[in-house]
Amino acid sequence: MKIAVCVKYVPVDSKVDVDPKTHALVRSSGAGEINPADRYAVEMARQLSEEDGVSFDVFTMGPDGAARALKYAMALGAEKAVLLSDIAFAGSDTLGTAAVLAAALKKYGPYDLVLTGNASNDGATGQVGPMLAQMLGVPDVTNAVEAETDGKTAILKKKDGNTLYTLKTALPALASVPFGANTPELPTLRHQVAANQREFDTVSAADLGLDPDTLGQAGAKSIVTDTVNVTAQKQGIELIGSVDEKARDFADTVDKIQQAIGGGKHA
Amino acid sequence: MSKKKIGIIGGGISGTALGWNLCLYDDAEVTVFEKGRIGCGTTAKSAGTVCLFDDSLNNRYWDVRLYGFETYLKMEAERKGSAGFDKTGTLVCATSEKEVKRIKAGIALARSAGYTGEYITDKKRIHDILPMLNTDSILGAGYTKDDGYFDGTMISNTFAAKMEDLGGTILRGAEVTEIVIENGTAKGVKTKDGDTYDFDVVVDCTGPWSRFTGEMAGLDVPIWHTKAEAFFVVPPEKHLDYVFPILKFPAFYALRAGNNIFICKSHLSMNLDDPMHAGQWDPDRLPEREGTDDYFIDFLFHQFEENVPGLTDAGLNSSWLSYRAETRDFLPIVGDTPVKNYLLATGYGGNGVIEAPAVSRDLAKYIMRGESTLLLEEWAFSRLLKKKGE
């Protein structure tokens with residue numbers, strides 16, 4: 001049984017340039033890391049690959065630096081790693097990204113199960129997984145937190161709020177995995193250093209037989225009109241004085257917060 | 001009483017330690033400009049180790065080390081947690097006879113100051129202190145239980161609070177965008193929000209930003225950025241049933257950080273002529289985490305294979321990149337510059353936490369009373385100008 005995990009290399013913080021014309025992130029301009037939710041997809045694949053006869057490959061689309069996301073997955077047991085990198089891919093929207101991934105999975109596959117993170121922490125659309133499933137012509141399950149498979153079918157636990165659905169699907173299928181679905185194993189120093197030395201395939205649009213005019217910015221069906229940084233506002237309040245004074249100040253603070261958010265006074 | 005007005009640029013450990021020391025003079029009026037939060041720059045990424053006899057600072061300056069250590073011990077005694085002290089002790093491993101001599105001298109100095117210290121050649125005893133160590137690769141190890149690591153950000157905030165208690169001013173979120181120079185003399189600073197501040201003395205305490213800050217004063221501050229790439233690993237045992245001491249080898253060091261172990265290539269093993277190690281970069285572009293190079297994790301892994309095999313199968317949890325401000329001789333630049341009344345307290349490299357208290361004590365005295373010290377003379381800007389011309 002073969003599993004493909006599609007991962008994304010994302011900026012670690014807001015110190016990334018934004019193209020003033022396209023409003024797209026310039027992904028080569030800052031430090032990056034594997035998308036947090038994708039770690040859980042890799043972990044799901046890793047756990048499934050503990051069964052005999054199950055292996056997983058990893059794919060990512062991005063500039064050269066995105067190979068670090070591949071190396072992370074290789075350190076955790078990915079057999080083959082593929083970097084989808086071509087200037088023609090730059091500026092792809094979610095549909096274009098899904099098209100490139102679909103072409104790559106067809107080239108390297110067939111795969112019985114495709115795993116992705118539920119959403120990236122930069123674009124956060126959550127669209128690529130379902131689009132990819134559509135292009136591959138396979139069923140997809142979002143928010144899959146657990147997976148079991150016998151090679152022909154998969155039993156997937158899908159989380160929806162506080163409800164856990166157990167779904168059974170024929171393979172091949174695609175599942176997207178949310179942040180926090182499991183406890184990702186850490187790559188050991190030994191395995192990470194070994195993975196850093198390993199080779200991976202670098203694949204272009206031509207290698208996939210894709211028309212560059214249908215890809216990237218040129219082929220995008222969506223238009224980004226603006227990109228803004230959302231900064232969380234954190235503010236700490238130090239409570240000073242005796243225990244009683246601190247308790248009174250704490251209660252006053254809770255009252256102020258409740259009033260600010262439209263709640264009632266505490267009992 | 002007319003007061004001497006001093007503006008300090010940078011609210012890391014260098015700026016806040018100097019600010020507090022200056023505020024101890026009743027004729028000083030001190031303002032610190034910090035563009036972010038106190039202790040949030042490279043200070044926040046310091047390991048904070050202040051070891052009694054490692055090689056981070058030459059034994060020639062052992063009093064500087066002791067003064068720093070005892071300053072933080074007193075700070076911690078005044079209010080527990082204010083210096084973030086974790087008393088883990090230190091194990092300094094010797095891999096050459098030269099290091100044995102240096103460590104033994106350090107131990108003598110530590111014992112002279114009333115601290116414990118011993119040089120151990122019994123490999124079983126060394127193994128008992130740190131079971132994951134390969135004792136075959138070392139000649140022996142210096143060990144003390146008395147020291148450990150501190151938290152640079154906590155210390156900076158404590159200095160800042162003590163400074164404010166004495167009437168000093170800290171402007172948080174205030175970015176200095178211009179140094180006002182008239183006839184070759186610093187007269188004040190301007191900030192991003194358009195305000196102008198007049199000073200008798202301006203001190204640049206911006207560490208890795210000093211090259212850029214110096215440019216505003218027309219100075220070429222001779223510092224390089226060396227990469228401090230730190231990795232946090234989870235030992236295979238997950239929870240250690242012993243106190244992991246600060247572990248020092250010539251090429252790397254390790255210390256505990258919660259249930260993780262912090263590992264990093266040592267600053268003195270960096271080569272300023274190797275573009276992988278050093279360069280001129282923009283500290284404002286440093287990411288909050290990650291940003292590391294494979295080179296460093298590979299380097300550390302090979303060091304561990306030889307010396308600390310128990311860590312080779314540790315899980316790689318997280319990492320970050322920081323820049324140290326290093327001079328050619330790996331010592332700071334303190335005091336006067338060719339621009340009158342524009343002083344430096346920068347270039348601490350990997351030793352800011354160790355050196356800031358003694359440097360700040362001496363520099364404050366120099367600024368307020370014009371009295372220099374041997375330390376200021378040795379770490380003066382002029383030594384680097386001389387070398388530049390040679």
# chains A, B, ... in the order shown; residues from 1 in each chain; ligands from 1
$ residues_around --residues "Val145 of chain A" --least-positions-apart "2" --cutoff "10 Å" --atoms "only C-alpha atoms" --output "ChimeraX atom specification"
/A:40-41,44,142-143,147,156-159,164,175-182
$ interface_residues --of "chain B" --to "chain A" --cutoff "7 Å" --atoms "only C-alpha atoms" --output "PyMOL selection string"
chain B and resi 285+287-291+294+298+301+312-317
$ write_last_selection --atoms "all heavy atoms" --output "CSV table (one decimal), in the first residue's frame"
chain,number,residue,atom,x,y,z
B,285,ARG,N,15.5,40.9,10.3
B,285,ARG,CA,14.9,39.8,9.5
B,285,ARG,C,14.9,38.5,10.2
B,285,ARG,O,14.5,37.5,9.6
B,285,ARG,CB,15.7,39.7,8.1
B,285,ARG,CG,15.7,41.0,7.3
B,285,ARG,CD,14.3,41.3,6.7
B,285,ARG,NE,13.9,40.3,5.7
B,285,ARG,CZ,12.7,40.4,5.0
B,285,ARG,NH1,12.0,41.5,5.2
B,285,ARG,NH2,12.3,39.5,4.2
B,287,PRO,N,13.9,35.4,12.0
B,287,PRO,CA,12.6,34.8,12.3
B,287,PRO,C,12.5,34.5,13.8
B,287,PRO,O,13.5,34.4,14.5
B,287,PRO,CB,12.6,33.5,11.4
B,287,PRO,CG,14.0,33.1,11.3
B,287,PRO,CD,14.8,34.4,11.3
B,288,GLU,N,11.2,34.3,14.2
B,288,GLU,CA,11.0,34.0,15.6
B,288,GLU,C,11.6,32.6,15.9
B,288,GLU,O,12.0,32.3,17.1
B,288,GLU,CB,9.5,34.0,15.9
B,288,GLU,CG,9.0,35.5,15.9
B,288,GLU,CD,7.5,35.5,15.8
B,288,GLU,OE1,6.8,34.5,15.9
B,288,GLU,OE2,6.9,36.6,15.6
B,289,ARG,N,11.5,31.7,15.0
B,289,ARG,CA,12.1,30.4,15.2
B,289,ARG,C,12.5,29.8,13.8
B,289,ARG,O,12.3,30.5,12.8
B,289,ARG,CB,11.0,29.4,15.8
B,289,ARG,CG,9.8,29.3,15.0
B,289,ARG,CD,8.7,28.4,15.6
B,289,ARG,NE,7.6,28.2,14.7
B,289,ARG,CZ,6.6,29.1,14.5
B,289,ARG,NH1,6.7,30.3,15.1
B,289,ARG,NH2,5.7,28.9,13.6
B,290,GLU,N,13.1,28.7,13.8
B,290,GLU,CA,13.7,28.1,12.6
B,290,GLU,C,14.7,29.0,12.0
B,290,GLU,O,15.3,29.8,12.6
B,290,GLU,CB,12.5,27.8,11.6
B,290,GLU,CG,11.5,26.8,12.2
B,290,GLU,CD,11.9,25.4,12.1
B,290,GLU,OE1,12.8,25.0,11.3
B,290,GLU,OE2,11.2,24.5,12.7
B,291,GLY,N,14.9,28.9,10.7
B,291,GLY,CA,15.9,29.7,10.0
B,291,GLY,C,17.3,29.2,10.1
B,291,GLY,O,18.2,29.8,9.7
B,294,ASP,N,21.4,23.4,7.7
B,294,ASP,CA,21.7,22.0,7.9
B,294,ASP,C,23.1,21.9,8.4
B,294,ASP,O,23.5,21.0,9.2
B,294,ASP,CB,21.6,21.2,6.6
B,294,ASP,CG,20.1,21.1,6.2
B,294,ASP,OD1,19.2,21.4,7.0
B,294,ASP,OD2,19.9,20.7,5.0
B,298,ASP,N,24.3,19.2,11.4
B,298,ASP,CA,25.2,18.2,11.0
B,298,ASP,C,26.5,18.3,11.9
B,298,ASP,O,27.0,17.2,12.4
B,298,ASP,CB,25.7,18.3,9.5
B,298,ASP,CG,24.5,18.0,8.6
B,298,ASP,OD1,23.5,17.5,9.1
B,298,ASP,OD2,24.7,18.2,7.3
B,301,PHE,N,25.7,17.0,15.4
B,301,PHE,CA,25.5,15.6,15.4
B,301,PHE,C,26.9,14.9,15.4
B,301,PHE,O,27.0,13.9,16.2
B,301,PHE,CB,24.7,15.1,14.2
B,301,PHE,CG,24.6,13.6,14.1
B,301,PHE,CD1,23.7,13.0,14.9
B,301,PHE,CD2,25.3,12.9,13.2
B,301,PHE,CE1,23.6,11.6,14.9
B,301,PHE,CE2,25.2,11.5,13.1
B,301,PHE,CZ,24.3,10.9,14.0
B,312,THR,N,22.5,11.5,20.4
B,312,THR,CA,22.4,11.4,18.9
B,312,THR,C,21.0,10.9,18.5
B,312,THR,O,20.6,11.1,17.4
B,312,THR,CB,23.4,10.4,18.4
B,312,THR,OG1,23.3,9.2,19.1
B,312,THR,CG2,24.8,11.0,18.4
B,313,ASP,N,20.3,10.2,19.4
B,313,ASP,CA,19.0,9.8,19.1
B,313,ASP,C,17.9,10.6,19.8
B,313,ASP,O,16.8,10.2,20.0
B,313,ASP,CB,18.8,8.3,19.5
B,313,ASP,CG,19.6,7.4,18.5
B,313,ASP,OD1,19.5,7.6,17.3
B,313,ASP,OD2,20.4,6.6,19.0
B,314,ALA,N,18.3,11.8,20.2
B,314,ALA,CA,17.4,12.7,20.8
B,314,ALA,C,16.5,13.3,19.7
B,314,ALA,O,16.9,13.4,18.5
B,314,ALA,CB,18.1,13.9,21.4
B,315,GLY,N,15.2,13.6,20.0
B,315,GLY,CA,14.3,14.1,19.1
B,315,GLY,C,14.5,15.6,18.9
B,315,GLY,O,14.7,16.4,19.8
B,316,LEU,N,14.5,16.0,17.6
B,316,LEU,CA,14.7,17.4,17.3
B,316,LEU,C,13.4,18.2,17.4
B,316,LEU,O,12.5,18.0,16.6
B,316,LEU,CB,15.2,17.5,15.9
B,316,LEU,CG,15.6,18.9,15.4
B,316,LEU,CD1,16.6,19.6,16.3
B,316,LEU,CD2,16.3,18.8,14.0
B,317,ASN,N,13.2,19.0,18.5
B,317,ASN,CA,12.0,19.6,18.8
B,317,ASN,C,11.8,20.9,18.1
B,317,ASN,O,10.7,21.2,17.4
B,317,ASN,CB,11.8,19.8,20.3
B,317,ASN,CG,10.4,20.1,20.7
B,317,ASN,OD1,9.5,20.1,19.9
B,317,ASN,ND2,10.3,20.4,22.0
$ select_by_dssp --residues "segment 121-231 of chain A" --states "strand (DSSP E or B)" --output "PyMOL selection string"
chain A and resi 140-141+144-149+153-160+163-170+173-177+188+201-203
$ select_by_dssp --residues "segment 33-231 of chain A" --states "helix (DSSP H, G or I)" --output "NGL selection string"
:A and (36-48 or 64-75 or 87-89 or 94-108 or 128-136 or 189-197 or 212-214 or 216-219)
$ atom_distance --atom1 "atom CA of Thr292 of chain B" --atom2 "atom CA of Tyr72 of chain A"
13.3 Å
$ closest_residue --among "B:Gly370, B:Gly168, B:Pro131, B:Pro338" --to "Asp241 of chain B" --atoms "only C-alpha atoms"
B:Pro131
$ residues_around --residues "Lys107 of chain A" --least-positions-apart "4" --cutoff "10 Å" --atoms "only C-alpha atoms" --output "PyMOL selection string"
chain A and resi 101-103+207-209
$ write_last_selection --atoms "N, CA, C and O atoms" --output "PDB file, in the first residue's frame"
ATOM      1  N   LEU A 101      -0.112  19.239  -8.005  1.00  0.00           N
ATOM      2  CA  LEU A 101      -0.001  18.073  -7.110  1.00  0.00           C
ATOM      3  C   LEU A 101      -0.649  16.848  -7.748  1.00  0.00           C
ATOM      4  O   LEU A 101      -0.103  15.733  -7.683  1.00  0.00           O
ATOM      5  N   ALA A 102      -1.800  17.052  -8.380  1.00  0.00           N
ATOM      6  CA  ALA A 102      -2.502  15.925  -8.999  1.00  0.00           C
ATOM      7  C   ALA A 102      -1.644  15.301 -10.096  1.00  0.00           C
ATOM      8  O   ALA A 102      -1.526  14.061 -10.200  1.00  0.00           O
ATOM      9  N   ALA A 103      -1.016  16.166 -10.900  1.00  0.00           N
ATOM     10  CA  ALA A 103      -0.165  15.654 -11.976  1.00  0.00           C
ATOM     11  C   ALA A 103       1.014  14.872 -11.403  1.00  0.00           C
ATOM     12  O   ALA A 103       1.400  13.814 -11.929  1.00  0.00           O
ATOM     13  N   ASP A 207       8.279  18.390 -16.797  1.00  0.00           N
ATOM     14  CA  ASP A 207       8.359  16.982 -16.372  1.00  0.00           C
ATOM     15  C   ASP A 207       6.968  16.390 -16.164  1.00  0.00           C
ATOM     16  O   ASP A 207       6.758  15.186 -16.304  1.00  0.00           O
ATOM     17  N   LEU A 208       6.042  17.258 -15.780  1.00  0.00           N
ATOM     18  CA  LEU A 208       4.680  16.780 -15.508  1.00  0.00           C
ATOM     19  C   LEU A 208       3.772  16.903 -16.736  1.00  0.00           C
ATOM     20  O   LEU A 208       2.595  16.538 -16.671  1.00  0.00           O
ATOM     21  N   GLY A 209       4.323  17.439 -17.828  1.00  0.00           N
ATOM     22  CA  GLY A 209       3.529  17.617 -19.045  1.00  0.00           C
ATOM     23  C   GLY A 209       2.460  18.673 -18.891  1.00  0.00           C
ATOM     24  O   GLY A 209       1.408  18.605 -19.535  1.00  0.00           O
TER      25      GLY A 209
END
$ residues_around --residues "Ser96 of chain B" --least-positions-apart "5" --cutoff "9 Å" --atoms "only C-alpha atoms" --output "number ranges by chain"
B: 101, 138-139
$ atom_distance --atom1 "atom CA of Trp20 of chain B" --atom2 "atom CA of Phe199 of chain B"
17.2 Å
